Amino acid sequence: MGSRRAASLLDAVCAHGLSLRPSRVSSRFPLAARTEREERAILLGLQSLERSLPRAQMFDVDVATAARHTAAPAPEAAPHGSRSAPPATLVAINHPGLRAMVRVARSLDSRISIDTSLRRKPPPGTPPELGDELLRVGGYYSARRACIALAPDSLWFELVHEMVHLAFDRSVRRRGEPKLAHEGGAADCGGVGGHHPLALHHAQLRARGYSDAGAEELVCREHEMYALRCSLPAADVASALLVVWDNALVDAQRDLEAGARPLHAAAARELRRVRLLRALLTSPLARVLHLMAAGVGVSCAAAALISALWPSRAPRWRLDAASTFPISSPPELPCIPGLLVCCRMGCKRVQIGNRAFTAPRTDLLLDRGISSVDAC
């Protein structure tokens with residue numbers, strides 16, 4: 001039974017295009033806890049349908065296996081935020097910081113697990129609650145089950161997000177939240193008076209009009225984006241940071257719009273700010289416009305550089321709308337900048353340099369390169 005369960009984890013990992021040895025997690029001893037898919041099936045009364053789907057399990061990540069297969073970078077070799085530090089877009093189960101995260105979770109009486117029901121392509125006909133919705137979930141924190149569950153391909157910044165949920169639940173909700181000065185209490189900062197910094201951040205967001213759950217989600221998003229900013233300028237980090245920022249603004253807008261009406265002044269200002277940021281910076285349309293503007297700017301810069309390196313020797317000819325010019329190609333003219341000659345001679349033979357041609361019924365404007373003009 002143990003080898004079959006281990007193989008199911010390896011199958012799930014291989015399905016996500018990852019490489020993972022069985023000893024990376026405690027695959028010999030799967031957890032008895034239910035997966036997220038099983039929890040949803042019980043709530044919806046779809047247990048029989050859930051049992052007909054491909055098997056999913058929970059696997060524990062312990063300190064021993066994480067320490068054996070993850071080598072933490074030396075502080076002097078990879079300082080915090082340096083280019084040599086692993087990027088936040090690395091798969092969480094392969095990140096060198098996994099060992100520290102497991103220890104922090106254990107110190108908070110919780111654990112980190114792998115839930116193979118997440119981000120798993122469902123069979124055709126599966127209800128969205130058990131299929132498509134779980135396909136978009138990279139991880140979750142369950143206070144009732146005291147665990148953080150990750151998909152096999154969850155990234156490091158997603159683990160950071162769930163760890164903040166865990167720290168907030170254990171360090172803030174179970175100890176109460178501080179009051180800000182305008183709420184009838186003395187304003188605290190920096191953990192003074194036993195107040196946790198996460199609690200102060202949460203209280204400030206509440207004062208700007210967010211609900212309790214919305215403020216907690218934004219606190220986690222802030223730490224998620226901070227983990228990504230520390231990994232800049234990695235190639236794939238900037239795009240991930242923009243997507244996470246847009247998701248945070250979407251959550252903020254939905255939370256503010258779902259609040260009680262009419263909105264008070266602080267909430268109305270915050271909603272206008274969020275909408276403006278999305279419209280100008282992070283929305284999909286704004287990102288497309290940014291790419292188009294960047295492309296136009298690069299094209300213009302390249303054209304200006306080419307023009308500066310290889311200036312054109314040909315003269316510029318300009319004719320009015322009613323005139324015709326019978327000559328197929330203008331004559332080559334010497335370049336004298338700044339000289340402008342207007343010839344109004346009807347059907348006349350014009351001598352320009354050593355060349356002669358006839359210009360009938362035309363206003364000939366020569367911008368550059370005329371040494372002499374003689375009418376015959």
# chains A, B, ... in the order shown; residues from 1 in each chain; ligands from 1
>>> select_by_dssp(residues="segment 39-272 of chain A", states="strand (DSSP E)", output="list in words")
Met58, Phe59, Asp60, Val61, Arg111, Ile112, Ser113, Ile114, Asp115, Gly139, Tyr140, Tyr141, Ser142, Cys147, Ile148, Ala149 and Leu150 of chain A
>>> closest_residue(among="A:Pro96, A:Arg106, A:Asp212, A:Phe59", to="Ala151 of chain A", atoms="only C-alpha atoms")
A:Phe59
>>> closest_residue(among="A:Asp109, A:Asp115, A:Asp246, A:Asp236", to="Pro87 of chain A", atoms="only C-alpha atoms")
A:Asp236
>>> residues_around(residues="Arg120 of chain A", least_positions_apart="4", cutoff="8 Å", atoms="only C-alpha atoms", output="tab-separated table (two decimals) with N, CA, C and O atoms, in the first residue's frame")
chain	number	residue	atom	x	y	z
A	12	ALA	N	1.43	12.50	-9.81
A	12	ALA	CA	0.92	13.87	-9.77
A	12	ALA	C	2.02	14.88	-10.05
A	12	ALA	O	1.82	15.87	-10.75
A	116	THR	N	-2.51	16.62	-3.67
A	116	THR	CA	-2.45	16.26	-5.08
A	116	THR	C	-3.76	16.51	-5.82
A	116	THR	O	-3.84	16.27	-7.03
A	131	GLY	N	-13.47	20.38	-9.94
A	131	GLY	CA	-12.53	20.31	-11.05
A	131	GLY	C	-11.90	21.64	-11.40
A	131	GLY	O	-10.79	21.95	-10.96
A	134	LEU	N	-10.63	23.97	-8.52
A	134	LEU	CA	-9.40	23.49	-7.88
A	134	LEU	C	-8.21	23.59	-8.82
A	134	LEU	O	-7.06	23.63	-8.36
A	135	LEU	N	-8.46	23.64	-10.11
A	135	LEU	CA	-7.37	23.76	-11.08
A	135	LEU	C	-6.66	25.10	-10.94
A	135	LEU	O	-5.49	25.24	-11.30
>>> atom_distance(atom1="atom CA of Arg269 of chain A", atom2="atom CA of Asp255 of chain A")
13.9 Å
>>> residues_around(residues="Arg221 of chain A", least_positions_apart="3", cutoff="10 Å", atoms="only C-alpha atoms", output="JSON list (two decimals) with C-alpha atoms, in the first residue's frame")
[["chain", "number", "residue", "atom", "x", "y", "z"],
["A", 157, "PHE", "CA", 5.73, 33.20, -3.34],
["A", 158, "GLU", "CA", 2.49, 31.22, -3.06],
["A", 160, "VAL", "CA", 4.84, 32.80, 1.46],
["A", 161, "HIS", "CA", 1.23, 33.92, 1.01],
["A", 162, "GLU", "CA", -0.12, 30.91, 2.91],
["A", 164, "VAL", "CA", 1.32, 34.77, 6.34],
["A", 215, "ALA", "CA", -7.77, 43.19, 4.97],
["A", 216, "GLU", "CA", -6.18, 39.84, 5.88],
["A", 217, "GLU", "CA", -5.95, 38.86, 2.21],
["A", 218, "LEU", "CA", -4.27, 42.16, 1.34],
["A", 224, "GLU", "CA", 3.77, 37.87, -1.48],
["A", 225, "MET", "CA", 4.75, 40.89, -3.59],
["A", 226, "TYR", "CA", 7.65, 41.66, -1.25],
["A", 227, "ALA", "CA", 9.04, 38.16, -1.85],
["A", 244, "VAL", "CA", 0.00, 39.31, -8.31],
["A", 245, "TRP", "CA", -0.41, 43.08, -7.94],
["A", 247, "ASN", "CA", -4.95, 40.13, -8.36],
["A", 248, "ALA", "CA", -4.51, 42.09, -5.14],
["A", 249, "LEU", "CA", -6.23, 45.12, -6.66],
["A", 251, "ASP", "CA", -9.56, 41.51, -4.42]]
>>> residues_around(residues="Ala234 of chain A", least_positions_apart="2", cutoff="12 Å", atoms="only C-alpha atoms", output="MDAnalysis selection string")
chainID A and resid 81:90 228:232 236:241
>>> residues_around(residues="Glu50 of chain A", least_positions_apart="6", cutoff="12 Å", atoms="only C-alpha atoms", output="list in words")
Arg34, Thr35, Glu36, Arg37, Glu38, Glu39, Arg40, Ala41, Ile42, Leu43, Leu44, Ala56, Ser117, Pro122, Pro123, Gly125, Thr126, Pro127, Glu129, Leu130 and Gly131 of chain A
>>> residues_around(residues="Arg175 of chain A", least_positions_apart="3", cutoff="12 Å", atoms="only C-alpha atoms", output="number ranges by chain")
A: 167-172, 178, 194-196, 198-199
>>> closest_residue(among="A:Gly214, A:Gly209, A:Pro284, A:Pro233", to="Ala266 of chain A", atoms="only C-alpha atoms")
A:Gly209
>>> closest_residue(among="A:Asp62, A:Val91, A:Met292, A:Ala33", to="Arg103 of chain A", atoms="only C-alpha atoms")
A:Asp62
>>> atom_distance(atom1="atom CA of Ala252 of chain A", atom2="atom CA of Glu222 of chain A")
12.0 Å
>>> atom_distance(atom1="atom CA of Asp153 of chain A", atom2="atom CA of Ala92 of chain A")
7.4 Å
>>> closest_residue(among="A:Arg278, A:Val137, A:Leu118, A:Trp156", to="Arg55 of chain A", atoms="only C-alpha atoms")
A:Leu118
